[in-house]
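Just below is one structure, and these are the notes that go with it.
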Amino acid sequence: MTELPVAFLVSTVAAATPLLLAATGELVVEKAGVLNLGVEGMMLAGAIAAFATANETGATSLGLLAAVLAGTAMALLFALVALTLQANQTATGLALTIFGRGLSALLGAGFVGIPAPTLAKLHIPLLSDIPVLGPVVFGHDILVYLSLAMLGAVAWCFRSTHAGLVLRAVGDSHDAAHALGYPVVSIRYAAVAFGGALAGLAGAYMSLAYTPLWAQDMTAGRGWVAVALVTFAAWRPFWLLIGAWFFGALMYLSLYVQALGVAVPSSLLSALPYIGTVVVLVLISRNRRLVRLHRPAMLGRPFQARS
Amino acid sequence: MSPVLKIESRGHESKFWRYASPILALLLTAATSGLIFAAMGRPPGLTVYTLLVTPLLQQDGFQGLAVKAAPLIMMGVGLSLAYRANVWNIGADGQFTLGAICGGGIALAFPDAPSFALFPAIVAGGVVGGMLSGGLVAWLRIRFNANEILTSLMFAYITQYLLVFLVTGPWRDPEGFGFPQTALFTENALAPRLIEDTNVHIGVLLAPLIAVALWVTMEKSLLGFEFRVLGEAPRAARFAGFSENRLVRVAMLVSGGLAGLAGVLEATGTLGQLTTTLSPGYGFTAIIVAFLARLNPLGVIPAGLLLALTDLGGDAAQINLGLPNAVTGIFQGILLFYLLGCDILLLNRIRRVPHTSGAA
Amino acid sequence: MNEFAPSGPLLTMTGMTKQYPNCLANDLVSLTVERNQIHALVGENGAGKSTLVKMIYGVVRPDAGEIVWQGRNVTIPNPGAAQRLGIGMVFQHFSLFEALTVTENIALGLATAKERVGLRDRILRISTEYGLPLDPDRIVHDLSVGERQRIEIVRCLLQNPKLLIMDEPTSVLTPNEVRKLFVTLRRLASEGCSILYISHKLEEVRALCSVATIMRHGRNVARCAPAEKTVKELAEIMIGMDLPTPPPRPPVSATAPPRLVLDRLSIRSPGCDLKDVSLSIAGGEILAIAGIAGNGQTELMDALSGETPAARPESVQIDGVAAGQMGPAERRRIGGGFVPEERNGHGAVAAMSLAANAFLSGYLRRALVRFGMIDKKRTFAFAEEIIRRFDVRTTGPRAEARSLSGGNLQKFLVGREILQDPGVLAINQPTWGVDAGAALAIHDAIMALAQRGAAVLIISQDLDEIFLLADRIAVIAGGRLSEPVATRSATVESIGRLMGGATADALGEVVHA
């Protein structure tokens, strides 16, 4: 009877991975003071790029590369309109989402229902065979480990490197950073591009490992959950991990509960992650002191160089 | 020395660009979309033509356009009001759906009630449903400081699942052969038609009337003034004694209520029942409508018609050219990008300056 | 090749000139700072001190003039160049990152990784050595203003400056912190770092500085040893001997009932808390509150207008009505009029028309709303009346507020309130950024309003204006209000002392330290 809980844990980690990747990218973007709501669009772009490339070439690694490029390209489009042309960041992010959904649907039209090479799960001799711990910790595909490594790397960068410090400074006061001579816009471009790369990878995970196939709008709002996750974690990397696991669990709960034979309608269970998002968002937001303490002061504010 | 593009502030808003900017954006969108289609091996000119012109040439094309535009105009008007005050209602789809559920529920519960009583009750139910959803978002923002972008969007997803649950469960049509849909609404529950034996229901008339009414409110009433000041200069709004909380509440109730109205009219006017897909993304399309109209309720009418046209164009492209329906999403997404980008020309001009080395 | 002369003056500036579109900020100004010297740069707001100093620090390029540093002609194109020469500057408004630690803030100001080696320990060493205790790991958000200033100073000291420029350093310090700062500055000067000390606090200048260069209206007016003059003499040189005699105004009746009362008003604010502010103004009386920016004026204005509600309704009383918890619209209804410090985005909406801006404040008292709709005709008439009566130079009520000059817009905003016939008028910085002609018109309008029996409260940094208009003067410092004194018995010296927030005793210690 240990199969179900083990499967549940394994699946939670898997479900959390795209959230973790996308949210880590968005964390970097928001710490630099920019609000990019186009995560959903970037994820979908990455998903179709990965799927199509892997299908055409037969190599998942090329698919991952394509996803990174696609996500970054989309992100740079956002940066051009929101940072250089100084349009409203909320609206620009929405435009990116709408565009990303349309573009991915168009490009993906020919790939519906087709199988593609999937990311292989690791199999470490001995370690992966340990009951329970084996599959949960050592039996995942490479993106799962990459997502954890990325989060760790980002956290370390923020704490211990000068580049991370400069990024945080830009998000705290872009005027002071500008006065000290730092290229605010360039730094934000870099952060936004990084966010796009990770969002693209998150999408690739969906189409190459999680589902794994292509369907229109397959991310089903995960990009939005990732944005919510950053607020939920109050911009702190460790809590991002907790949040991703929590939502991953919620997302898988419906299948798990059904497998247990409980008679709750599946559609209501599917709504659980979204209800959970609202509840947690409210609980965190109401603590205005916590939010004010960690929220990058310049978040969403346009920067106009005043020399 | 390559010339560099520099962005210079004008110091005031350019009247010319206020109207020229959306037009420029449209032209750029058509051109860019054409390029994308060409890159995909599709004839660019024909595709754009199919998107924009073909629907009008079909039989009853204008009627279909009016029917498609009605919900977009209604929702766009509500959103233009909210966005004016910086209240970012993104989940209008959820309010639309909840309105349809509430109204539809009344229709299913009282199938034999007389039309003059039933239909107004259904409409009221729809509006209330939308207001409930919108009001909840406002409450969460005011009371708990929760970001309305995320909450309204989450509610959209939640409401969609609620709809699926109802339509496949307790409200499923027992004689529907197991299809996920409710029973057809009875004749007295359906929206009255403006033209007999067509789809042109009362919503087609209501939408522009609502747009005009809200335009009058925005431009000429004290409440509209409060909204405009709040969006323009929040500190000045406080100075004048305008309550931000009250305005947030009104913004969400109005935009939610209008979305709910659109939903219930769609359900009783066009669909005649509830199914698992009530809104083909109207919530997002309405956002573009609002921006294309430059957040002006009167401008929402032509903007709504244009975007309805592209929606129908997507259907036509699917039928005639074998393109997926999503092609409209690309067109609309690009349009929004260009709208936002071209807006910089209102307050700035772009100059070419010769590249000089050293500090300016 | 680049040998600097080891003796002679540290810094000599001659013929410094800078023209801005609206004013000649510096007109052939000269300044000489010797080694081991604490040199004061004295003048009122707008005298040109900031511009001169920005030219030394490379923030602004001079139109003309010569800078000789350690015997050699130099140009200073940017702050980096100034720092490399050995010039450091502590600005009046700090460029600090609230969410970051002390060490991180300082690290961001240092250009190369080499300079950042062992930073934390160097900060500890320098801060303790110079009597500027700092905990390198604390977050700036939690620090007091005095502690924040220490960060800025330590940041400069880490680069071994030979000249340290300090811009109004004590405006935000307690008397105790001022004392400690002076000890540090004296030590720095004796060790080879000259101090250029910008201030208009004459008591401190006398106590600390050996030489003072006095500026007025963009020009040098004097250079002297401040200790040899009295504060009064220094003030007269600074302001000019034209302290205008106030026109005779009818004395305020001793029995006139108060129209504006503040009763122990206390407000908590992230900026500056207000503590137990009390005052009482009768009809026909003008009370002025003097003070340096940042001491609670904005908080006080927000509390008066109702944008910040008070804890108790009786804290603010307008014509006897306990208005402390009323919003701005309600307060206007009972006769309050308010002109905040910021025109753009607060008192007026820049992108909207003058008619709309007239409506913004006047819709209640001038009855501009009918059945919830804006009465366009009446609104336009109101705006036109303001434009006409207050000589606002503009094309008409349709003109956008941002198309007006500062002076004209201010005339419009003041006129907007006055034409609503308020019983109480509160203005924050009535003529800031306003040309002389408009300033005159505004002063006349304020006096006329008081003449008609209204109670007027003016908050201002301009002592000229205060002495011209006010019947009584109080001083706000650190969120507290001093006891108002009659203008006739006040002097610039006494007011200046109150503005410094220091009591006579504390300064006495400093002189002899």
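Chain labels A, B, ... are given in the sequence in which chains occur in the structure tokens; within each chain residues are numbered consecutively from 1, and ligands are likewise numbered from 1 in the order shown.
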Near chain A, 12 Å: chain C residue rows, closest pairs, only C-alpha atoms, as a Markdown table:
```
| residue | atom | partner | partner_atom | distance |
| --- | --- | --- | --- | --- |
| C:Val59 | CA | A:Ser307 | CA | 8.9 |
| C:Val60 | CA | A:Ser307 | CA | 9.8 |
| C:Asn78 | CA | A:Gly181 | CA | 10.0 |
| C:Pro79 | CA | A:Leu180 | CA | 9.0 |
| C:Gly80 | CA | A:Gly181 | CA | 9.2 |
| C:Phe91 | CA | A:Ala179 | CA | 11.9 |
| C:His93 | CA | A:Ala176 | CA | 10.6 |
| C:Phe94 | CA | A:Ala176 | CA | 8.6 |
| C:Ser95 | CA | A:Ala176 | CA | 5.0 |
| C:Leu96 | CA | A:Ala176 | CA | 6.6 |
| C:Phe97 | CA | A:Asp172 | CA | 6.0 |
| C:Glu98 | CA | A:Asp172 | CA | 7.0 |
| C:Ala99 | CA | A:Asp172 | CA | 6.7 |
| C:Leu100 | CA | A:Ala169 | CA | 7.6 |
| C:Thr101 | CA | A:Leu165 | CA | 10.4 |
| C:Thr103 | CA | A:Leu165 | CA | 10.9 |
| C:Glu104 | CA | A:Leu165 | CA | 7.3 |
| C:Asn105 | CA | A:Ala169 | CA | 8.5 |
| C:Ile106 | CA | A:Leu180 | CA | 10.9 |
| C:Ala107 | CA | A:His162 | CA | 8.4 |
| C:Leu108 | CA | A:Val166 | CA | 7.0 |
| C:Gly109 | CA | A:Leu180 | CA | 6.4 |
| C:Leu110 | CA | A:Leu180 | CA | 9.1 |
| C:Ala111 | CA | A:Leu180 | CA | 9.3 |
| C:Thr112 | CA | A:His162 | CA | 10.4 |
| C:Ala113 | CA | A:His162 | CA | 8.5 |
| C:Arg116 | CA | A:His162 | CA | 9.6 |
| C:Val117 | CA | A:His162 | CA | 11.7 |
| C:Ile139 | CA | A:Leu293 | CA | 10.6 |
| C:Val140 | CA | A:Leu293 | CA | 11.6 |
| C:His141 | CA | A:Leu293 | CA | 8.8 |
| C:Asp142 | CA | A:Leu293 | CA | 10.6 |
```
Please identify all residues of chain A having at least one atom at most 7 Å from any atom of chain B, considering only C-alpha atoms, and return them as a ChimeraX atom specification.
/A:81,85,87,92,95-96,98-99,101-103,105-106,109,228,267-268,271,274-275,278,281-282,285-286
Surrounding residues of A:Ala52 excluding itself and chain neighbours under 5 positions, 12 Å, only C-alpha atoms, as a PyMOL selection string
chain A and resi 45-47+57-60+62-67+70+104-105+107-112+114-118+204+207-208+213-215
Name the closest residue to chain C among the candidates B:Arg172, B:Arg10, B:Gly45, B:Ile122; distances are taken between atoms, counting only C-alpha atoms.
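Closest to chain C, using only C-alpha atoms: B:Arg10.
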Please check the contacts: residues of chain B at most 9 Å away from chain C, using only C-alpha atoms, listed as a PyMOL selection string.
chain B and resi 11-13+217+219-223+225-226+229+232-242+359
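Comparing C:Ala189, C:Ile87, C:Cys23, C:Ala454 by their smallest distance to C:Gln159, the closest is C:Ile87 (using only C-alpha atoms).
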From a DSSP pass on the backbone, collect the residues of stretch 57-291 of chain A flagged as helix (DSSP H, G or I) and hand them back as an NGL selection string.
:A and (57 or 60-84 or 89-111 or 127-129 or 133-138 or 142-160 or 162-172 or 174-179 or 184-210 or 222-232 or 237-259 or 266-270 or 272-285 or 288-291)
Separation of atom CA of C:Leu24 from atom CA of C:Gly218, in Å and rounded to one decimal
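Going from atom CA of C:Leu24 over to atom CA of C:Gly218, I get 6.8 Å.
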Best match for closeness to A:Phe238 among A:Pro302, A:Pro183, A:Gly152, A:Pro265, counting only C-alpha atoms
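Closest to A:Phe238 of all the choices is A:Gly152.
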Just want the 9 Å neighbourhood of B:Ala308, counted on only C-alpha atoms, with same-chain residues fewer than 6 positions away dropped. Output as an mmCIF file with N, CA and C atoms, in the first residue's frame.
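around.cif written:
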```cif
data_model
loop_
_atom_site.group_PDB
_atom_site.id
_atom_site.type_symbol
_atom_site.label_atom_id
_atom_site.label_comp_id
_atom_site.auth_asym_id
_atom_site.auth_seq_id
_atom_site.Cartn_x
_atom_site.Cartn_y
_atom_site.Cartn_z
ATOM 1 N N LEU B 65 -21.861 39.837 -37.097
ATOM 2 C CA LEU B 65 -20.874 40.733 -36.492
ATOM 3 C C LEU B 65 -21.480 41.436 -35.279
ATOM 4 N N ALA B 66 -22.689 41.946 -35.463
ATOM 5 C CA ALA B 66 -23.342 42.669 -34.367
ATOM 6 C C ALA B 66 -23.539 41.755 -33.162
ATOM 7 N N VAL B 67 -23.959 40.530 -33.426
ATOM 8 C CA VAL B 67 -24.200 39.599 -32.323
ATOM 9 C C VAL B 67 -22.896 39.262 -31.608
ATOM 10 N N LYS B 68 -21.834 39.096 -32.386
ATOM 11 C CA LYS B 68 -20.544 38.763 -31.790
ATOM 12 C C LYS B 68 -19.976 39.944 -31.020
ATOM 13 N N ALA B 69 -20.262 41.141 -31.530
ATOM 14 C CA ALA B 69 -19.673 42.327 -30.903
ATOM 15 C C ALA B 69 -20.358 42.702 -29.597
ATOM 16 N N ALA B 70 -21.642 42.343 -29.471
ATOM 17 C CA ALA B 70 -22.390 42.815 -28.298
ATOM 18 C C ALA B 70 -21.715 42.482 -26.967
ATOM 19 N N LEU B 72 -18.634 41.739 -26.393
ATOM 20 C CA LEU B 72 -17.331 42.388 -26.322
ATOM 21 C C LEU B 72 -17.476 43.859 -25.953
ATOM 22 N N THR B 285 -10.175 39.160 -24.873
ATOM 23 C CA THR B 285 -10.437 40.013 -26.031
ATOM 24 C C THR B 285 -10.957 41.371 -25.593
#
```
If we count only C-alpha atoms, what is near C:Phe390 at a cut-off of 9 Å, once residues fewer than 2 positions away on the same chain are taken out, given as a list in words?
Glu385, Ile386, Ile387, Arg388, Val392, Asn408, Lys411, Phe412, Val414, Gly415, Ala441, Ile442 and Ala445 of chain C
Got a sec: who's within 10 Å of A:Val227, counting only C-alpha atoms, leaving out chain neighbours fewer than 6 positions off, as a list in words?
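What passes the distance filter is Leu19, Ala22, Ala23, Thr24, Gly25, Glu26, Leu27, Glu30, Leu35, Asn36, Leu37, Gly38, Val39 and Glu40 of chain A; Leu150 of chain B.
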With C-alpha atoms kept, could you save the residues just selected as a JSON list (two decimals), in the first residue's frame?
```json
[["chain", "number", "residue", "atom", "x", "y", "z"],
["A", 19, "LEU", "CA", 6.09, 26.14, -11.32],
["A", 22, "ALA", "CA", 8.93, 29.78, -14.01],
["A", 23, "ALA", "CA", 8.66, 31.31, -10.56],
["A", 24, "THR", "CA", 12.43, 31.42, -10.12],
["A", 25, "GLY", "CA", 12.71, 33.33, -13.36],
["A", 26, "GLU", "CA", 9.94, 35.71, -12.36],
["A", 27, "LEU", "CA", 11.58, 36.20, -8.96],
["A", 30, "GLU", "CA", 10.63, 41.21, -9.95],
["A", 35, "LEU", "CA", 6.53, 43.00, -13.28],
["A", 36, "ASN", "CA", 6.25, 40.57, -16.20],
["A", 37, "LEU", "CA", 2.80, 39.02, -16.32],
["A", 38, "GLY", "CA", 3.51, 37.27, -19.58],
["A", 39, "VAL", "CA", 4.85, 34.11, -17.95],
["A", 40, "GLU", "CA", 1.99, 32.02, -19.33],
["B", 150, "LEU", "CA", -4.23, 37.48, -9.65]]
```
Please report the interatomic distance between atom CA of A:Phe8 and atom CA of A:Leu143 in Å with one decimal.
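Computed distance, atom CA of A:Phe8 to atom CA of A:Leu143, equals 18.7 Å.
Relative to atom CA of A:Leu241, atom CA of A:Ala120 is found at 23.3 Å.
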I want to know what sits within 12 Å of B:Val204, based on only C-alpha atoms, with residues of the same chain fewer than 5 positions away left out; could you give that as a PyMOL selection string?
chain B and resi 62-74+191-195+198-199+209-211+262+265-266+269-270+301+304-305
Using C-alpha atoms, can you export the residues from the last selection as a PDB file, in the first residue's frame?
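To be explicit, this is the file written out as out_30.pdb:
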```pdb
ATOM      1  CA  PHE B  62     -23.354  42.130 -40.503  1.00  0.00           C
ATOM      2  CA  GLN B  63     -25.867  40.492 -38.256  1.00  0.00           C
ATOM      3  CA  GLY B  64     -23.334  37.940 -37.136  1.00  0.00           C
ATOM      4  CA  LEU B  65     -20.874  40.733 -36.492  1.00  0.00           C
ATOM      5  CA  ALA B  66     -23.342  42.669 -34.367  1.00  0.00           C
ATOM      6  CA  VAL B  67     -24.200  39.599 -32.323  1.00  0.00           C
ATOM      7  CA  LYS B  68     -20.544  38.763 -31.790  1.00  0.00           C
ATOM      8  CA  ALA B  69     -19.673  42.327 -30.903  1.00  0.00           C
ATOM      9  CA  ALA B  70     -22.390  42.815 -28.298  1.00  0.00           C
ATOM     10  CA  PRO B  71     -20.715  40.966 -25.401  1.00  0.00           C
ATOM     11  CA  LEU B  72     -17.331  42.388 -26.322  1.00  0.00           C
ATOM     12  CA  ILE B  73     -18.678  45.907 -26.218  1.00  0.00           C
ATOM     13  CA  MET B  74     -20.449  45.364 -22.929  1.00  0.00           C
ATOM     14  CA  ALA B 191     -33.658  36.832 -24.892  1.00  0.00           C
ATOM     15  CA  PRO B 192     -36.135  38.690 -27.051  1.00  0.00           C
ATOM     16  CA  ARG B 193     -35.066  39.084 -30.661  1.00  0.00           C
ATOM     17  CA  LEU B 194     -34.761  42.408 -32.372  1.00  0.00           C
ATOM     18  CA  ILE B 195     -35.204  40.859 -35.786  1.00  0.00           C
ATOM     19  CA  THR B 198     -32.445  35.660 -36.288  1.00  0.00           C
ATOM     20  CA  ASN B 199     -29.815  35.571 -33.653  1.00  0.00           C
ATOM     21  CA  LEU B 209     -26.717  52.054 -25.200  1.00  0.00           C
ATOM     22  CA  ILE B 210     -24.637  50.987 -22.214  1.00  0.00           C
ATOM     23  CA  ALA B 211     -21.529  52.337 -23.917  1.00  0.00           C
ATOM     24  CA  ALA B 262     -22.870  39.862 -21.285  1.00  0.00           C
ATOM     25  CA  LEU B 265     -27.301  37.457 -22.675  1.00  0.00           C
ATOM     26  CA  GLU B 266     -24.906  35.174 -24.485  1.00  0.00           C
ATOM     27  CA  GLY B 269     -29.491  34.958 -26.672  1.00  0.00           C
ATOM     28  CA  THR B 270     -26.985  33.033 -28.688  1.00  0.00           C
ATOM     29  CA  ILE B 301     -18.107  50.449 -29.969  1.00  0.00           C
ATOM     30  CA  GLY B 304     -15.549  45.929 -30.200  1.00  0.00           C
ATOM     31  CA  LEU B 305     -16.794  45.637 -33.761  1.00  0.00           C
TER      32      LEU B 305
END
```
Going by DSSP on the backbone, which residues of stretch 26-263 of chain C come out as strand (DSSP E)? List them as a ChimeraX atom specification.
/C:26-33,38-42,64-69,72-74,87-90,163-167,194-199,211-216,219-224,258-263
For C:Leu300, the closest of C:Ala323, C:Ile198, C:Ala225, C:Leu274 counting only C-alpha atoms is C:Leu274
